[in-house]
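A.B. asks: Before I ask anything, here is the structure I am working with.
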Amino acid sequence: MRSTLCLVAALACTVTWAMPDIFSISTTEGDLVPVQIYNHRDKGYVVKMNVGDDYNERPVNSGACGYTENEVWYLVGTAESFKMYNHTAGFALALTLSGGESASAATLAPGGTDLCLTRHDDGSYAISPKANVAQSFNMYGGNGADIKLYSSADNGSRWHFRRIDMTKALTINYNATLEGGYEQNHMIGQLAFTVDGITSTAMLDKSTIESSTTCFLPEGATFSVGTGLTCHGWTMDVNGAATLDAQTLPAEGLVVDVNIGVDKDSKYQYLYYSPSAEGHPYRIPAITTTANGYVFAINDYRPCGNDIGYGEVDLVMRHSTAPGKRWDGHSWIPETKIADGLGAAAPSVWQVGYGDPAIVADRETNEILVMSVCGNRTCWSGNYGVGGDEENPNRISRLYIKYNKKTKQWEAGQPEEVTYDIYPLFKDAEGRVHSSSMFIGAGRIAQSRKVKVGTHYRIYCAVWTVTKDIRQHHNYALYSDDFGKTWHLLGSLGYDNCPSRWGNEPKCEELPDGSVLLSSRKSYGRYFNVFRYTDVAKGEGYWEGEVATDAVGNLKWGANSTNGEPLLIGNVLFQSAPTGNGRTDVSVFYKVLSDNPEDYTPTHLSNGWTEIKVSDEESAYSSMTILPDGKSIGFFYEEAPGGYSMVYVPLDLKSLLPSEVYKALTPSRTARRKLK
């Protein structure tokens with residue numbers, strides 16, 4: 001797009017367009033023109049003075065528009081030369097920028113920076129230092145982020161102005177009952193303002209909510225106020241309804257009541273809000289129940305802001321404060337880091353980051369195994385065996401968490417790299433490598449109820465993998481008889497022999513007869529395959545054949561392709577997944593299995609499912625565990641706010657399942673029979 005910026009050097013902010021009526025002649029009261037400055041790319045974000053804890057520094061941020069006084073500015077001067085003052089801070093301080101692109105954040109300080117406007121062809125404006133008109137204010141990361149300088153050509157560096165009417169106010173009264181809910185559920189929900197067709201949301205937090213807020217709207221604006229997302233554990237309305245209908249502000253102003261209460265029936269708990277207070281996301285849930293009845297929730301924490309391969313990623317955990325029936329159902333230890341990614345400071349490549357945890361608690365010992373991808377490679381960029389190079393795969397780590405009987409505390413060991421214990425499993429007799437890049441499907445590692453050949457009951461996991469000459473992700477399955485110290489391939493090597501030729505992130509579960517189900521992520525449903533043993537002790541057998549559940553059965557949903565998980569309790573098989581076309585509406589599906597192992601074919605397993613909806617919001621990955629009572633599911637999943645907050649909810653199967661299905665949670669004779 002052609003812009004007046006191409007004339008910057010010659011014109012140096014000489015105005016050749018009609019000046020908008022947004023400038024104040026002086027700081028005298030009668031000469032002031034209050035304005036709001038909102039972003040061109042994200043119109044719900046405005047320039048505001050941060051009124052947080054460190055008020056004396058007075059930083060200037062981008063933030064969700066709330067029409068409060070700290071969002072009101074005065075541009076004193078002309079488009080060719082002006083200074084910016086904030087209504088709340090007063091005229092002793094002006095907006096100040098120092099340095100060039102990205103060098104420092106805007107603040108309010110004595111003196112201030114001389115600014116000018118440059119108009120773009122789309123009607124937006126660059127707000128630039130007079131000495132550096134090629135750069136403009138930029139949101140620099142979105143809500144709550146600093147205002148810094150960046151190229152004026154970037155959409156995040158373009159702005160619009162609205163004159164604000166300070167003669168009448170919209171007063172929001174918050175009538176809040178805050179006691180009685182889960183302590184950690186401190187976010188209440190979003191209040192949505194729609195003004196002249198532009199919607200912005202403000203998240204209410206019980207730790208910071210005020211009794212009232214005074215808002216000032218643009219001149220002549222039509223507005224509505226409504227509840228957006230109401231977080232779990234809360235109720236919220238506006239004047240007794242979901243929305244205050246669109247209207248203009250009367251001359252005397254308006255008072256609106258937002259009524260907030262505790263939803264005492266809700267069992268949902270936010271173990272982590274994402275992003276964190278530092279702005280970093282949490283991701284990838286995994287949950288398990290130990291032999292002595294503790295519930296563990298483990299997931300990523302991402303200071304780098306992204307997956308493994310982009311920098312520092314850590315593994316963090318919370319677990320119940322007591323085991324079994326002594327656990328009150330909602331008390332958890334604080335967040336504890338169990339694998340500390342060191343980012344660029346890592347002494348070894350594999351220690352850069354740890355992510356996508358896959359976990360299992362041994363059914364006999366109080367011990368937890370955590371497998372994770374690690375290192376500095378993205379999932380597609382591992383190149384084990386390419387050109388004889390074995391030094392740059394997606395790396396794999398292992399750590400153990402054990403219960404100390406003397407201290408009665410859980411203790412996490414240090415991660416150790418096991419990359420070269422696993423990748424060689426994918427070399428055939430001719431030396432050909434069948435996996436150049438891989439990671440274990442995150443969530444629950446399955447443990448057998450029937451097979452014990454080595455020191456522990458057998459465990460199963462599945463891997464996402466690509467082969468150097470087949471640039472299509474596919475799956476293999478692994479098993480271990482010594483609780484993850486050594487691993488073996490379940491089935492044969494080769495793209496044509498693998499359990500899923502098109503599968504994305506995979507999980508395993510043992511079926512009642514001891515055969516193994518592989519369930520793999522795909523759009524509209526799952527890929528299913530079943531491994532049948534011919535020799536249990538040797539781990540020998542065959543995969544029956546992959547099917548797409550949506551093509552041959554009723555385990556189907558929208559277009560999203562998202563990680564989910566199978567879980568067997570007795571003779572009832574469960575499968576979790578989002579059900580929308582995007583990452584929304586996470587549900588748990590269930591079906592009752594017969595006692596006849598001949599029915600455990602991939603096609604038969606694809607039919608006869610019934611849905612239990614868990615979320616009606618943005619929601620994504622999920623993991624499940626059997627709670628200590630044996631007939632409830634601990635469900636750990638990603639959901640709004642932020643899209644990826646980590647939510648725990650116990651699913652009371654007695655109330656959710658028909659009585660005949662609930663009875664099937666007791667293992668049948670087939671399920672109880674040991675395999676030899």
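Residue names in the structure tokens use chain letters A, B, ... in the order shown, residue numbers from 1 in each chain, and ligand numbers from 1 in the order shown.
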Pick out the residues sitting within 8 Å of Trp487 in chain A, and hand them over as a VMD selection string; count only C-alpha atoms, and ignore anything fewer than 6 positions along from it in its own chain.
C.D. replies: chain A and resid 421 to 422 478 to 481
A.B. asks: Extract, using only C-alpha atoms, all DNA, RNA and protein residues at most 10 Å from Val588 in chain A, discarding same-chain residues fewer than 6 positions from it, and format them as a ChimeraX atom specification.
C.D. replies: /A:564-566,574-579,609-615,622,624,635,651
A.B. asks: Give one line per residue of range 202-293 of chain A that approaches range 334-353 of chain A to at most 12 Å, naming the two atoms of the closest pair and their distance in Å to one decimal, counting only C-alpha atoms; sort by chain then ascending residue number and deliver it as JSON lines.
C.D. replies:
```
{"residue": "A:Leu271", "atom": "CA", "partner": "A:Glu335", "partner_atom": "CA", "distance": 8.5}
{"residue": "A:Tyr272", "atom": "CA", "partner": "A:Glu335", "partner_atom": "CA", "distance": 8.5}
{"residue": "A:Tyr273", "atom": "CA", "partner": "A:Glu335", "partner_atom": "CA", "distance": 11.7}
{"residue": "A:Ser276", "atom": "CA", "partner": "A:Glu335", "partner_atom": "CA", "distance": 11.8}
{"residue": "A:Tyr282", "atom": "CA", "partner": "A:Glu335", "partner_atom": "CA", "distance": 11.7}
```
A.B. asks: Those same residues - N, CA and C atoms - I'd like them written as a PDB file, in the first residue's frame.
C.D. replies:
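Output below, filename again-v1.pdb:
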```
ATOM      1  N   LEU A 271      -6.238 -24.598  37.635  1.00  0.00           N
ATOM      2  CA  LEU A 271      -4.935 -24.858  38.242  1.00  0.00           C
ATOM      3  C   LEU A 271      -3.897 -23.846  37.759  1.00  0.00           C
ATOM      4  N   TYR A 272      -4.051 -23.378  36.520  1.00  0.00           N
ATOM      5  CA  TYR A 272      -3.189 -22.329  35.971  1.00  0.00           C
ATOM      6  C   TYR A 272      -4.028 -21.481  35.021  1.00  0.00           C
ATOM      7  N   TYR A 273      -3.954 -20.162  35.172  1.00  0.00           N
ATOM      8  CA  TYR A 273      -4.502 -19.270  34.154  1.00  0.00           C
ATOM      9  C   TYR A 273      -3.415 -19.011  33.119  1.00  0.00           C
ATOM     10  N   SER A 276       0.369 -16.528  32.059  1.00  0.00           N
ATOM     11  CA  SER A 276       0.700 -16.251  33.453  1.00  0.00           C
ATOM     12  C   SER A 276       0.789 -14.744  33.671  1.00  0.00           C
ATOM     13  N   TYR A 282       0.743 -21.451  29.508  1.00  0.00           N
ATOM     14  CA  TYR A 282       0.767 -22.846  29.944  1.00  0.00           C
ATOM     15  C   TYR A 282       0.115 -23.673  28.834  1.00  0.00           C
TER      16      TYR A 282
END
```
A.B. asks: Run DSSP on the backbone of this structure and report the residues of range 41-185 of chain A it assigns to strand (DSSP E), as a PyMOL selection string.
C.D. replies: chain A and resi 45-49+60-64+73-78+81-86+94-96+107-109+115-119+125-129+135-138+148-151+159-163+170-176
A.B. asks: Near Thr378 in chain A, within 8 Å and counting only C-alpha atoms, which residues show up once chain neighbours fewer than 2 positions away are dropped, as a list in words?
C.D. replies: Asp307, Ile308, Gly309, Tyr310, Asn376, Trp380, Ser381, Gly382 and Asn394 of chain A
A.B. asks: Just checking: using only C-alpha atoms, which residue out of A:Lys485, A:Met438, A:Val46, A:Thr171 ends up closest to His473 in chain A?
C.D. replies: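 Of A:Lys485, A:Met438, A:Val46, A:Thr171, the one nearest His473 in chain A is A:Met438, counting only C-alpha atoms.
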A.B. asks: May I ask for the distance between CA of Tyr174 in chain A and CA of Ile260 in chain A, given in Å to one decimal place?
C.D. replies: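 Between these atoms lies a distance of 7.2 Å.
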A.B. asks: Taking only residues of range 202-250 of chain A that have an atom at most 7 Å from an atom of range 148-168 of chain A, what is each one's shortest atom pair and its distance in Å to one decimal, using only C-alpha atoms, in chain and number order, as a tab-separated table?
C.D. replies:
```
residue	atom	partner	partner_atom	distance
A:Phe216	CA	A:Met166	CA	5.9
A:Leu217	CA	A:Ile164	CA	5.6
A:Pro218	CA	A:Ile164	CA	4.1
A:Glu219	CA	A:Asp165	CA	5.0
```
A.B. asks: Have a look at A:Thr214, A:Asn554, A:Ser561, A:Asn571 and name the one nearest to Thr666 in chain A; count only C-alpha atoms.
C.D. replies: A:Asn571
A.B. asks: Mind dumping a table of every range 213-315 of chain A residue within 12 Å of range 398-411 of chain A, with the nearest atom pair and its distance in Å to one decimal, using only C-alpha atoms, sorted by chain and rising number, as a tab-separated table?
C.D. replies:
```
residue	atom	partner	partner_atom	distance
A:Thr290	CA	A:Tyr403	CA	9.6
A:Ala291	CA	A:Tyr403	CA	10.3
A:Asn292	CA	A:Tyr403	CA	9.4
A:Gly293	CA	A:Tyr403	CA	11.5
A:Tyr294	CA	A:Trp410	CA	9.9
A:Val295	CA	A:Trp410	CA	11.6
A:Phe296	CA	A:Ile401	CA	10.4
A:Ile298	CA	A:Ile401	CA	11.5
A:Leu315	CA	A:Leu399	CA	10.9
```
A.B. asks: Kindly give the distance, in Å, that separates CA of Val647 in chain A and CA of Gln269 in chain A, rounded to a single decimal.
C.D. replies: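 According to the coordinates, CA of Val647 in chain A and CA of Gln269 in chain A are separated by 5.6 Å.
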A.B. asks: So which bits of range 30-231 of chain A end up helix (DSSP H, G or I) when you DSSP the backbone, as a PyMOL selection string?
C.D. replies: chain A and resi 30-31+55-57+69-71+155-157
A.B. asks: Using only C-alpha atoms, which residues sit within 9 Å of Ala446 in chain A once same-chain residues fewer than 6 positions away are excluded, as a list of chain:residue names?
C.D. replies: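 Listed by chain and then number, they are A:Ile359, A:Val360, A:Arg458, A:Ile459, A:Tyr460, A:Cys461, A:Lys507, A:Cys508, A:Glu509, A:Glu510, A:Leu567.
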A.B. asks: With C-alpha atoms kept, could you save the residues just selected as a compact mmCIF listing (two decimals), in the first residue's frame?
C.D. replies:
```txt
# COMPACT_ATOMS: atom_id res chain seq x y z
CA ILE A 359 3.06 -39.55 32.43
CA VAL A 360 2.07 -42.68 34.31
CA ARG A 458 3.74 -53.22 31.23
CA ILE A 459 3.28 -49.61 30.09
CA TYR A 460 2.38 -48.36 26.62
CA CYS A 461 2.92 -45.08 24.82
CA LYS A 507 -2.31 -42.33 22.79
CA CYS A 508 -2.63 -45.97 23.84
CA GLU A 509 -5.03 -47.82 26.11
CA GLU A 510 -5.32 -51.48 27.08
CA LEU A 567 -9.41 -44.32 29.05
```
